[in-house]
Structures are given as C-alpha cells and as structure tokens.
>>> print(open('target08.txt').read())   # compact mmCIF, C-alpha atoms and all ligand atoms
# COMPACT_ATOMS: atom_id res chain seq x y z
CA MET X 27 10.98 38.49 10.83
CA ASN X 28 11.39 39.68 14.43
CA ASP X 29 14.66 40.66 16.07
CA LYS X 30 14.71 37.93 18.70
CA THR X 31 17.14 35.18 17.79
CA VAL X 32 15.26 31.92 18.18
CA GLN X 33 17.29 28.76 18.16
CA ILE X 34 15.64 26.32 15.77
CA ASP X 35 17.04 22.83 15.36
CA PRO X 36 16.51 22.15 11.63
CA LYS X 37 16.30 18.38 12.14
CA ALA X 38 13.65 18.74 14.85
CA LEU X 39 11.78 21.29 12.70
CA ARG X 40 11.79 18.91 9.75
CA GLN X 41 10.47 16.12 11.98
CA ALA X 42 7.73 18.34 13.39
CA LEU X 43 6.73 19.46 9.88
CA GLY X 44 6.59 15.77 8.89
CA ALA X 45 3.62 15.42 11.27
CA PHE X 46 1.65 17.28 8.60
CA THR X 47 0.58 14.36 6.40
CA THR X 48 0.45 15.13 2.68
CA GLY X 49 -0.02 13.46 -0.65
CA VAL X 50 2.91 13.05 -3.02
CA THR X 51 3.21 14.75 -6.41
CA ILE X 52 5.58 14.78 -9.34
CA ILE X 53 5.86 18.18 -10.99
CA THR X 54 7.11 18.32 -14.55
CA THR X 55 8.18 20.92 -17.06
CA ARG X 56 10.59 21.32 -20.02
CA SER X 57 14.07 22.78 -19.87
CA PRO X 58 14.82 25.76 -22.17
CA THR X 59 16.33 23.20 -24.59
CA GLY X 60 13.18 21.04 -24.50
CA GLU X 61 14.39 18.25 -22.21
CA PRO X 62 11.75 16.76 -19.88
CA VAL X 63 12.32 17.79 -16.25
CA GLY X 64 10.52 16.59 -13.12
CA ILE X 65 10.78 16.31 -9.36
CA THR X 66 8.92 14.67 -6.52
CA ALA X 67 7.30 17.26 -4.26
CA ASN X 68 4.97 17.09 -1.28
CA SER X 69 4.89 20.86 -0.76
CA PHE X 70 1.98 21.04 -3.19
CA SER X 71 -1.14 22.75 -1.90
CA SER X 72 -4.38 24.18 -3.18
CA VAL X 73 -4.65 27.96 -2.91
CA SER X 74 -7.77 29.30 -4.59
CA LEU X 75 -10.80 27.98 -6.47
CA ASP X 76 -11.68 31.24 -8.20
CA PRO X 77 -9.35 31.88 -9.86
CA PRO X 78 -8.06 28.29 -9.71
CA LEU X 79 -4.59 28.49 -8.16
CA VAL X 80 -2.20 25.94 -6.67
CA LEU X 81 1.30 26.26 -5.23
CA TRP X 82 4.39 24.25 -4.45
CA SER X 83 7.93 25.07 -3.43
CA LEU X 84 11.26 24.05 -4.93
CA ALA X 85 14.60 23.95 -3.13
CA ARG X 86 17.06 26.50 -4.45
CA THR X 87 19.59 23.68 -4.58
CA ALA X 88 17.47 21.56 -6.98
CA HIS X 89 19.02 20.86 -10.38
CA SER X 90 15.67 21.64 -11.95
CA LEU X 91 15.50 25.18 -10.53
CA GLY X 92 16.70 26.82 -13.76
CA SER X 93 14.12 24.95 -15.82
CA PHE X 94 11.19 25.71 -13.53
CA SER X 95 12.23 29.37 -13.20
CA GLN X 96 12.37 29.80 -16.95
CA SER X 97 9.34 27.77 -17.85
CA SER X 98 5.86 29.26 -18.28
CA HIS X 99 4.01 25.97 -17.65
CA TRP X 100 4.23 22.93 -15.41
CA ASN X 101 2.09 19.86 -14.64
CA VAL X 102 1.32 18.50 -11.18
CA HIS X 103 0.69 14.74 -10.87
CA VAL X 104 -0.91 13.48 -7.66
CA LEU X 105 0.61 10.02 -7.32
CA SER X 106 -1.41 6.89 -6.78
CA MET X 107 -0.58 4.08 -4.39
CA GLU X 108 1.04 2.14 -7.23
CA GLN X 109 3.49 4.95 -7.98
CA GLU X 110 5.85 4.76 -5.02
CA ASP X 111 8.73 3.65 -7.28
CA LEU X 112 8.05 6.58 -9.59
CA SER X 113 8.12 8.94 -6.62
CA ASN X 114 11.52 7.56 -5.60
CA ARG X 115 12.79 7.85 -9.15
CA PHE X 116 11.87 11.55 -9.37
CA ALA X 117 13.25 12.25 -5.88
CA LYS X 118 16.77 11.48 -7.09
CA ALA X 119 18.79 13.99 -9.05
CA GLY X 120 19.32 12.27 -12.38
CA GLU X 121 19.30 12.71 -16.11
CA ASN X 122 17.09 9.85 -17.09
CA LYS X 123 14.00 10.20 -14.91
CA PHE X 124 11.61 9.81 -17.86
CA ALA X 125 13.20 6.73 -19.42
CA GLY X 126 10.54 4.26 -20.51
CA LEU X 127 7.61 6.35 -19.29
CA GLU X 128 4.46 6.69 -21.35
CA LEU X 129 3.38 10.34 -21.70
CA ASP X 130 0.01 11.87 -22.57
CA THR X 131 -0.39 14.97 -24.70
CA GLY X 132 -1.40 17.95 -22.63
CA ILE X 133 -2.19 21.64 -22.96
CA SER X 134 1.45 22.73 -22.83
CA ASP X 135 4.53 20.76 -23.85
CA SER X 136 5.27 19.89 -20.18
CA PRO X 137 5.42 16.09 -19.80
CA LEU X 138 2.09 14.60 -18.71
CA LEU X 139 2.52 11.32 -16.80
CA THR X 140 -0.10 8.55 -16.80
CA ASN X 141 -1.87 6.40 -14.17
CA CYS X 142 -2.04 9.12 -11.51
CA SER X 143 -4.80 9.87 -8.99
CA ALA X 144 -5.20 13.41 -10.33
CA ARG X 145 -3.38 15.83 -12.63
CA PHE X 146 -3.31 19.62 -12.80
CA GLN X 147 -1.94 21.37 -15.88
CA CYS X 148 -0.77 24.78 -14.84
CA LYS X 149 0.50 28.07 -16.19
CA LYS X 150 2.94 29.86 -13.93
CA ALA X 151 1.17 32.80 -12.25
CA PHE X 152 3.63 33.98 -9.58
CA GLU X 153 7.02 33.14 -8.19
CA TYR X 154 7.94 34.14 -4.61
CA ASP X 155 11.00 34.03 -2.43
CA GLY X 156 10.53 31.26 0.13
CA GLY X 157 13.81 31.22 2.08
CA ASP X 158 15.85 28.28 0.87
CA HIS X 159 12.95 27.45 -1.50
CA ILE X 160 11.18 29.28 -4.32
CA ILE X 161 7.40 29.24 -4.14
CA PHE X 162 5.65 28.70 -7.46
CA VAL X 163 1.99 29.58 -7.83
CA GLY X 164 0.23 28.30 -10.92
CA GLU X 165 -3.13 28.84 -12.54
CA VAL X 166 -4.91 25.56 -13.29
CA LEU X 167 -5.68 25.40 -17.00
CA GLY X 168 -6.91 21.82 -16.99
CA PHE X 169 -7.23 18.88 -14.60
CA ASP X 170 -8.43 15.31 -14.41
CA LYS X 171 -9.02 12.76 -11.68
CA SER X 172 -9.05 8.96 -11.71
CA ASP X 173 -10.33 6.36 -9.22
CA ARG X 174 -6.78 5.32 -8.37
CA PRO X 175 -6.33 5.78 -4.60
CA PRO X 176 -3.62 8.35 -3.78
CA ILE X 177 -0.47 7.59 -1.84
CA ALA X 178 0.21 9.64 1.30
CA TYR X 179 3.42 10.80 2.97
CA ALA X 180 3.55 10.93 6.76
CA SER X 181 6.56 11.49 9.02
CA GLY X 182 9.02 10.57 6.28
CA ASN X 183 7.22 7.39 5.20
CA TYR X 184 4.87 6.52 2.40
CA ALA X 185 1.45 5.75 3.84
CA ILE X 186 -1.99 4.55 2.83
CA PRO X 187 -4.75 7.04 3.63
CA THR X 188 -7.45 4.91 5.22
CA LYS X 189 -10.79 5.95 6.56
CA LYS X 190 -10.91 6.29 10.35
CA THR X 191 -13.98 4.91 12.05
CA ASN X 192 -15.42 5.74 15.44
CA THR X 193 -17.97 2.99 15.06
CA LYS X 194 -18.61 0.89 18.14
CA LEU X 195 -19.64 -2.73 17.77
CA SER X 196 -21.94 -2.64 20.78
CA ASN X 197 -23.98 0.03 22.53
CA SER X 198 -22.52 -0.26 26.01
CA THR X 199 -21.03 3.02 27.23
CA THR X 200 -18.95 1.34 29.93
CA GLN X 201 -17.36 -1.23 27.66
CA TYR X 202 -13.81 0.21 27.62
CA SER X 203 -13.58 0.29 31.43
CA SER X 204 -13.28 -3.51 31.42
CA PRO X 205 -9.89 -4.96 30.41
CA TYR X 206 -11.78 -7.27 28.08
CA SER X 207 -13.48 -4.78 25.84
CA GLU X 208 -14.46 -4.77 22.20
CA ASP X 209 -11.37 -2.64 21.64
CA LEU X 210 -9.02 -5.53 22.49
CA LEU X 211 -6.94 -6.25 19.41
CA GLY X 212 -7.00 -10.02 19.99
CA TYR X 213 -10.78 -10.00 20.05
CA LEU X 214 -11.00 -7.88 16.89
CA LEU X 215 -8.47 -10.00 15.02
CA GLY X 216 -10.04 -13.28 16.13
CA ARG X 217 -13.59 -12.23 15.37
CA ALA X 218 -12.62 -10.68 12.03
CA HIS X 219 -10.80 -13.90 11.10
CA TYR X 220 -13.75 -16.16 11.84
CA GLN X 221 -16.40 -13.85 10.40
CA MET X 222 -14.47 -13.16 7.23
CA LEU X 223 -13.64 -16.83 6.69
CA ALA X 224 -17.13 -18.14 7.36
CA ARG X 225 -17.65 -18.52 3.60
CA MET X 226 -14.39 -20.47 3.34
CA ARG X 227 -15.55 -22.92 6.00
CA VAL X 228 -18.61 -23.74 3.90
CA VAL X 229 -16.27 -24.71 1.05
CA TYR X 230 -13.78 -26.81 2.97
CA THR X 231 -16.28 -28.60 5.19
CA LYS X 232 -17.73 -30.00 1.94
CA TYR X 233 -14.50 -31.98 1.68
CA GLY X 234 -14.88 -33.22 5.27
CA ILE X 235 -11.90 -31.23 6.55
CA ASP X 236 -11.34 -28.69 9.31
CA GLU X 237 -9.36 -25.47 9.53
CA SER X 238 -5.99 -27.16 10.25
CA ASP X 239 -6.47 -29.49 7.28
CA PHE X 240 -7.32 -26.47 5.17
CA PHE X 241 -4.00 -24.86 6.13
CA ILE X 242 -2.12 -28.08 5.32
CA ILE X 243 -3.67 -28.26 1.85
CA SER X 244 -2.99 -24.56 1.25
CA THR X 245 0.68 -25.05 2.18
CA LEU X 246 1.02 -28.12 -0.05
CA MET X 247 -0.43 -26.06 -2.91
CA ILE X 248 2.72 -23.94 -2.77
CA ARG X 249 5.32 -26.38 -1.43
CA SER X 250 5.08 -29.92 -2.70
CA GLN X 251 6.93 -33.00 -1.40
CA LEU X 252 7.33 -31.89 2.20
CA ASN X 253 8.22 -34.17 5.07
CA LEU X 254 6.35 -33.80 8.34
CA GLN X 255 9.13 -31.77 9.95
CA ASP X 256 9.27 -29.23 7.11
CA LEU X 257 5.49 -29.01 6.90
CA ASN X 258 5.50 -28.16 10.61
CA LYS X 259 8.07 -25.42 10.03
CA TYR X 260 5.76 -23.64 7.58
CA LEU X 261 2.69 -24.26 9.70
CA HIS X 262 4.21 -23.44 13.07
CA TYR X 263 1.50 -20.79 13.54
CA ILE X 264 -1.38 -23.30 13.64
CA GLY X 265 0.31 -25.61 16.16
CA ASP X 266 1.48 -29.17 15.73
CA VAL X 267 0.60 -31.04 12.52
CA ASN X 268 0.91 -34.77 13.16
CA LYS X 269 0.76 -38.01 11.21
CA ASP X 270 -2.95 -38.42 12.10
CA ASN X 271 -3.83 -35.17 10.30
CA LEU X 272 -2.04 -36.37 7.19
CA MET X 273 -3.47 -39.87 7.45
CA LYS X 274 -6.97 -38.37 7.49
CA LEU X 275 -6.22 -36.25 4.41
CA SER X 276 -4.75 -39.25 2.68
CA GLN X 277 -7.87 -41.35 3.49
CA LEU X 278 -9.98 -38.54 1.99
CA GLY X 279 -7.86 -38.89 -1.17
CA LEU X 280 -6.52 -35.32 -0.95
CA VAL X 281 -2.90 -35.95 0.10
CA GLN X 282 -0.44 -38.67 -0.85
CA ASN X 283 2.58 -39.93 1.05
CA ILE X 284 5.48 -41.16 -1.04
CA ASN X 285 8.55 -42.11 1.05
CA ASP X 286 7.39 -39.84 3.89
CA LEU X 287 7.15 -36.89 1.53
CA PHE X 288 3.65 -35.39 1.39
CA SER X 289 2.04 -33.79 -1.64
CA LEU X 290 -1.46 -33.19 -2.99
CA THR X 291 -3.23 -35.76 -5.10
CA SER X 292 -4.99 -34.53 -8.24
CA GLU X 293 -8.17 -34.34 -6.14
CA GLY X 294 -6.27 -32.37 -3.51
CA ILE X 295 -5.15 -29.92 -6.21
CA VAL X 296 -8.76 -29.48 -7.34
CA ALA X 297 -9.79 -28.84 -3.72
CA GLY X 298 -6.90 -26.41 -3.23
CA ARG X 299 -7.90 -24.47 -6.33
CA GLU X 300 -11.45 -24.26 -5.07
CA PHE X 301 -10.18 -22.87 -1.75
CA VAL X 302 -8.12 -20.21 -3.55
CA LYS X 303 -11.13 -19.24 -5.64
CA ALA X 304 -13.26 -18.97 -2.50
CA ALA X 305 -10.54 -16.94 -0.74
CA ASN X 306 -10.48 -14.51 -3.67
CA GLN X 307 -14.26 -14.20 -3.47
CA VAL X 308 -14.04 -13.49 0.26
CA GLU X 309 -11.49 -10.77 -0.45
CA ALA X 310 -13.56 -9.26 -3.28
CA HIS X 311 -16.64 -9.22 -1.06
CA LEU X 312 -14.77 -7.47 1.76
CA SER X 313 -13.22 -5.03 -0.67
CA GLU X 314 -16.68 -4.14 -1.99
CA ASN X 315 -17.74 -3.38 1.57
CA ILE X 316 -14.79 -1.51 3.04
CA GLY X 317 -13.20 -0.31 -0.21
CA GLU X 318 -10.07 -1.23 -2.12
CA THR X 319 -7.85 1.23 -0.28
CA ASP X 320 -8.85 0.05 3.19
CA THR X 321 -8.38 -3.57 2.08
CA LEU X 322 -4.85 -2.67 0.99
CA ALA X 323 -4.28 -0.79 4.25
CA MET X 324 -5.45 -3.83 6.19
CA LYS X 325 -3.06 -6.11 4.28
CA SER X 326 -0.22 -3.70 4.91
CA LEU X 327 -0.95 -3.66 8.66
CA LEU X 328 -1.41 -7.43 8.85
CA LYS X 329 1.98 -7.95 7.17
CA ARG X 330 3.52 -5.74 9.84
CA VAL X 331 1.74 -7.70 12.58
CA ILE X 332 2.97 -10.99 11.07
CA LEU X 333 6.56 -9.73 10.87
CA ALA X 334 6.41 -8.28 14.38
CA THR X 335 5.25 -11.62 15.84
CA ASP X 336 7.14 -13.98 13.50
CA PRO X 337 8.89 -16.69 15.52
CA GLY X 338 11.16 -17.35 12.52
CA LEU X 339 9.06 -19.24 10.00
CA PRO X 340 10.68 -20.01 6.64
CA PRO X 341 9.21 -17.88 3.82
CA LEU X 342 6.49 -19.88 2.10
CA TRP X 343 6.60 -18.25 -1.30
CA ASP X 344 10.33 -17.53 -1.75
CA GLU X 345 12.58 -19.99 -3.54
C1 LIG V 401 8.09 12.59 -0.67
C2 LIG V 401 9.07 13.63 -1.13
C3 LIG V 401 8.68 14.96 -1.19
C4 LIG V 401 9.55 15.95 -1.65
N1 LIG V 401 9.12 17.23 -1.73
C5 LIG V 401 9.93 18.19 -2.22
C6 LIG V 401 9.46 19.52 -2.38
O1 LIG V 401 8.32 19.84 -2.09
N2 LIG V 401 10.32 20.46 -2.90
C7 LIG V 401 11.61 20.14 -3.24
O2 LIG V 401 12.34 21.02 -3.69
N3 LIG V 401 12.08 18.86 -3.10
C8 LIG V 401 11.26 17.89 -2.62
N4 LIG V 401 11.71 16.61 -2.50
C9 LIG V 401 13.09 16.29 -2.89
C10 LIG V 401 13.26 16.28 -4.41
O3 LIG V 401 12.36 15.38 -5.00
C11 LIG V 401 14.69 15.85 -4.73
O4 LIG V 401 15.57 16.74 -4.13
C12 LIG V 401 14.98 15.74 -6.22
O5 LIG V 401 16.22 15.13 -6.37
C13 LIG V 401 15.06 17.07 -6.91
O6 LIG V 401 15.38 16.80 -8.25
P1 LIG V 401 16.38 17.70 -9.09
O7 LIG V 401 17.60 17.93 -8.21
O8 LIG V 401 16.64 16.90 -10.31
O9 LIG V 401 15.67 18.99 -9.35
C14 LIG V 401 10.86 15.62 -2.04
C15 LIG V 401 11.26 14.26 -1.98
C16 LIG V 401 10.37 13.29 -1.53
C17 LIG V 401 10.79 11.85 -1.49
>>> encode(input="target08.txt", output="structure tokens")
Amino acid sequence: MNDKTVQIDPKALRQALGAFTTGVTIITTRSPTGEPVGITANSFSSVSLDPPLVLWSLARTAHSLGSFSQSSHWNVHVLSMEQEDLSNRFAKAGENKFAGLELDTGISDSPLLTNCSARFQCKKAFEYDGGDHIIFVGEVLGFDKSDRPPIAYASGNYAIPTKKTNTKLSNSTTQYSSPYSEDLLGYLLGRAHYQMLARMRVVYTKYGIDESDFFIISTLMIRSQLNLQDLNKYLHYIGDVNKDNLMKLSQLGLVQNINDLFSLTSEGIVAGREFVKAANQVEAHLSENIGETDTLAMKSLLKRVILATDPGLPPLWDE
C-alpha cells in the first residue's frame, strides 16, 4: 500500500468492478458439526493448471466464514442458466439452503450439487488475507463438465453469454455510411421474421390463409369465445382484424361464430395444432444452427423489445 490517501467511493468501485463479467458459482463445504454450508460467489477464478489450482474470496462478514476456515475441502459449482433461483437461494444468509436438493456423492463429504455446468472438487491449499475478504486457494482433486450452458453475471444482473458475431451480410465496405444499412434493427428484425417463418408459410398457405389469419387462429388457440373487440385487443400488433377476416375463416371451416363470439372449429383446432408443431420445428431448426444458448438469448432480448414497445396489450397467456 502506498502512503498517498486516495479517495475511493466504494459504490463507484463496486460498479466499476461489475463491468468485469463473470460466471456464477455456489461453493459448498461442511461445518465442523457436519451441517451442509454453501454460498453464491462470483469471485471464483482459475489460477494454475499444473498444479491445478483455483481461488475465490469470502467476505469476513459471511456466516459461513467459520465453516470454510475450518474445513479442509470445498466444492465449486459453476451454475447453469437454469440455476438462477438456486443462486439467489445461496446468496441469502439462511439455515435451510439445501432443503429439497438432490446431492451427489463426491470425493470429500462437502455437498455436491447436481445439474451444473461444471464442478470442481477441491482441497484447501492456501488461505490469504484479502482485506474485507479471505482468499481461499484450492487444489482441484476432481472435476466434471456438462453441456448445460452457464449463466453469467454482468453489472449486477444475471446474463446469458452469447456468441458475438462480426459477420456482415453483404460485402459492401461502404454499407454503414448509408442510413439504410444492413445494420438497421428494423431491417434485421423484419428479414429474420420472414426468413425464419418461411417454413410456417408453407404450412398455413395449405389452408388457404395468410399471415393475419394465421395470427387469428393462433390467438383463438389460447383464448376461445372472443368477440371482435377483444380479439383486436390481443392482436393490436398486426393491425385491424375485421369481420371480413373472420368471415373468410368461417367459410374455410376453421372458425365459428356463435352469438358474435368467435372460436375455432374442430378443423381449426387441427390446423392450429399443425401450426404449433411447425413453429416448434422452426425453432428446433434455428436452435440447431445458432445453438441453444443463443436461441435463449434471442428470446430474452425479444421479450425485452416486446415489453419496451408494448402499447398495452392484455397478456395472452395469463388468466
Ligand atoms: C452473483 C453473486 C455473487 C456473489 N459473490 C460473492 C463472493 O464472491 N464472495 C462473497 O463472500 N459473497 C458473495 N456473494 C454474496 C453471498 O452469496 C451472500 O452474502 C451470502 O448470503 C453469504 O452466505 P452466508 O452469510 O450464509 O455465508 C455473492 C452474491 C451474488 C448474488
């Protein structure tokens, strides 16, 4: 430490450190009396391959400090994208963090959690003073890795680590100087929509219907017995649905009108199911191409786009 007194704003420092994106781990051990102990930690880092060493740091204020200080072994679990709730559970000081959790048998008696992206079973090698934290260095005695994509932590939020691409769709070097470039979000979203749904169009055109009709049938799959006004509330995003649209669907035998309430006929239900099957195939095909994690990342971003541009549509799936 040097003699100069530097004023550091802890909140600003924490925010700046949050720019360093990490994974999320749960680190477990046993208390001297044999109780399972664990905490969520993103201070985990690899140190050395030969010998195999990893480290992490624990706040001196943590309830688990006594247990980790006295224990000779601990396990590091790199959490998967499905384990956000588990991360939150182990980030709270509490007695019952392990309630209902399935455990594997490991090298030591430290609890070994399941369904993680990777696990490292460690023997404590060193313990260092780290200011308001203690730094634990462990030797890796055993490890395993699954295909479950890991969850990330960036600037205080859980995140999905997705592959960044610098791919350009066309070869032009001057493309971004024009305001209408291939980088325009509207263009990307529009083109992705039509390209991705090309297979869907093949399915619904078989029934003699167009994209608006397809959206009407999809909505009636979830909400039955809707009047025109309510149908329009759910479908605000495609523009006005009018009586002519419904008349056409009724002539095709897909929709029925009973007292101005519209629902699918049995044929309409069959068609709707075929659309859902095709939509799942489209998704599976895309996922095969860009990967499961990037598909999830795309869904997460699209939900944010939908919420950010929502004019106030009623929720389609909620009761
Ligand atoms: C994403 C995330 C990362 C965290 N990383 C650490 C860490 O590296 N070290 C630490 O001491 N606490 C960390 N915490 C906070 C602890 O998980 C939290 O204080 C927990 O309650 C400690 O449990 P205990 O008091 O039962 O020991 C983190 C919390 C979250 C949500």
>>> residues_around(input="target08.txt", residues="Thr47 in chain X", least_positions_apart="6", cutoff="12 Å", atoms="only C-alpha atoms", output="PyMOL selection string")
chain X and resi 41+68-71+177-187
>>> closest_residue(input="target08.txt", among="X:Asn114, X:Gln277, X:Asn253, X:Gln96", to="Phe162 in chain X", atoms="only C-alpha atoms")
X:Gln96
>>> residues_near_ligand(input="target08.txt", ligand="ligand LIG 401 (chain V)", cutoff="8 Å", atoms="only C-alpha atoms and all ligand atoms", output="VMD selection string")
chain X and resid 50 to 51 63 to 70 82 to 91 113 to 114 116 to 121 159 179 182 to 184
>>> atom_distance(input="target08.txt", atom1="CA of Leu333 in chain X", atom2="CA of His262 in chain X")
14.1 Å
>>> atom_distance(input="target08.txt", atom1="CA of Ile53 in chain X", atom2="CA of His103 in chain X")
6.2 Å
>>> atom_distance(input="target08.txt", atom1="CA of Gln255 in chain X", atom2="CA of Met273 in chain X")
15.2 Å
>>> residues_near_point(input="target08.txt", point="(-4.4, 0.7, 4.4)", cutoff="9 Å", atoms="all atoms listed in the file", output="list of chain:residue names")
X:Ala185, X:Ile186, X:Pro187, X:Thr188, X:Lys189, X:Glu318, X:Thr319, X:Asp320, X:Thr321, X:Leu322, X:Ala323, X:Met324, X:Lys325, X:Ser326, X:Leu327
>>> write_last_selection(input="target08.txt", atoms="C-alpha atoms", output="CSV table (one decimal), in the coordinates of the input")
chain,number,residue,atom,x,y,z
X,185,ALA,CA,1.4,5.8,3.8
X,186,ILE,CA,-2.0,4.6,2.8
X,187,PRO,CA,-4.8,7.0,3.6
X,188,THR,CA,-7.4,4.9,5.2
X,189,LYS,CA,-10.8,6.0,6.6
X,318,GLU,CA,-10.1,-1.2,-2.1
X,319,THR,CA,-7.8,1.2,-0.3
X,320,ASP,CA,-8.8,0.0,3.2
X,321,THR,CA,-8.4,-3.6,2.1
X,322,LEU,CA,-4.8,-2.7,1.0
X,323,ALA,CA,-4.3,-0.8,4.2
X,324,MET,CA,-5.4,-3.8,6.2
X,325,LYS,CA,-3.1,-6.1,4.3
X,326,SER,CA,-0.2,-3.7,4.9
X,327,LEU,CA,-1.0,-3.7,8.7
>>> closest_residue(input="target08.txt", among="X:Ser72, X:Gln251, X:Gln109, X:Ser292", to="Val163 in chain X", atoms="only C-alpha atoms")
X:Ser72
>>> closest_residue(input="target08.txt", among="X:Leu254, X:Ala310, X:Ala304, X:Met107", to="Asn285 in chain X", atoms="all atoms listed in the file")
X:Leu254
>>> closest_residue(input="target08.txt", among="X:Lys232, X:Arg56, X:Lys149, X:Lys329", to="Glu300 in chain X", atoms="all atoms listed in the file")
X:Lys232
>>> closest_residue(input="target08.txt", among="X:Ser196, X:Asn271, X:Thr59, X:Gln307", to="Phe241 in chain X", atoms="all atoms listed in the file")
X:Asn271
>>> closest_residue(input="target08.txt", among="X:Ile160, X:Val229, X:Met247, X:Leu112", to="Gly126 in chain X", atoms="only C-alpha atoms")
X:Leu112
>>> residues_near_point(input="target08.txt", point="(6.1, 22.3, -16.2)", cutoff="7 Å", atoms="only C-alpha atoms", output="ChimeraX atom specification")
/X:53-56,94,97,99-101,136
>>> residues_around(input="target08.txt", residues="range 214-224 of chain X", least_positions_apart="3", cutoff="9 Å", atoms="all atoms listed in the file", output="VMD selection string")
chain X and resid 208 to 211 227 to 228 305 308 to 309 312
>>> residues_around(input="target08.txt", residues="Phe146 in chain X", least_positions_apart="3", cutoff="6 Å", atoms="all atoms listed in the file", output="count of residues only")
4
>>> decode(input="target08.txt", residues="range 275-291 of chain X", atoms="N, CA and C atoms", output="compact mmCIF listing (two decimals), in the first residue's frame")
# COMPACT_ATOMS: atom_id res chain seq x y z
N LEU X 275 -62.42 -16.99 -42.60
CA LEU X 275 -62.01 -18.16 -41.81
C LEU X 275 -63.19 -19.07 -41.52
N SER X 276 -64.36 -18.45 -41.38
CA SER X 276 -65.55 -19.25 -41.12
C SER X 276 -65.95 -20.02 -42.39
N GLN X 277 -65.81 -19.35 -43.57
CA GLN X 277 -66.11 -20.04 -44.84
C GLN X 277 -65.15 -21.21 -45.09
N LEU X 278 -63.91 -21.05 -44.59
CA LEU X 278 -62.93 -22.14 -44.74
C LEU X 278 -63.15 -23.25 -43.71
N GLY X 279 -64.13 -23.03 -42.83
CA GLY X 279 -64.48 -24.05 -41.83
C GLY X 279 -63.53 -24.09 -40.64
N LEU X 280 -62.75 -23.01 -40.45
CA LEU X 280 -61.75 -23.03 -39.37
C LEU X 280 -62.23 -22.31 -38.11
N VAL X 281 -63.13 -21.33 -38.30
CA VAL X 281 -63.61 -20.53 -37.17
C VAL X 281 -65.12 -20.54 -37.17
N GLN X 282 -65.71 -20.56 -35.98
CA GLN X 282 -67.18 -20.46 -35.90
C GLN X 282 -67.58 -19.23 -35.10
N ASN X 283 -68.76 -18.71 -35.46
CA ASN X 283 -69.28 -17.51 -34.80
C ASN X 283 -70.58 -17.89 -34.11
N ILE X 284 -70.56 -17.91 -32.79
CA ILE X 284 -71.81 -18.18 -32.07
C ILE X 284 -72.12 -16.94 -31.23
N ASN X 285 -73.19 -16.26 -31.57
CA ASN X 285 -73.61 -15.02 -30.89
C ASN X 285 -72.50 -13.98 -30.84
N ASP X 286 -71.83 -13.81 -31.98
CA ASP X 286 -70.72 -12.84 -32.10
C ASP X 286 -69.51 -13.17 -31.24
N LEU X 287 -69.46 -14.41 -30.77
CA LEU X 287 -68.25 -14.87 -30.08
C LEU X 287 -67.55 -15.86 -30.99
N PHE X 288 -66.25 -15.62 -31.23
CA PHE X 288 -65.52 -16.44 -32.22
C PHE X 288 -64.67 -17.49 -31.52
N SER X 289 -64.70 -18.70 -32.07
CA SER X 289 -63.83 -19.77 -31.56
C SER X 289 -63.45 -20.68 -32.72
N LEU X 290 -62.51 -21.58 -32.48
CA LEU X 290 -62.07 -22.48 -33.55
C LEU X 290 -63.04 -23.64 -33.68
N THR X 291 -63.24 -24.07 -34.90
CA THR X 291 -63.99 -25.32 -35.13
C THR X 291 -63.01 -26.47 -34.86
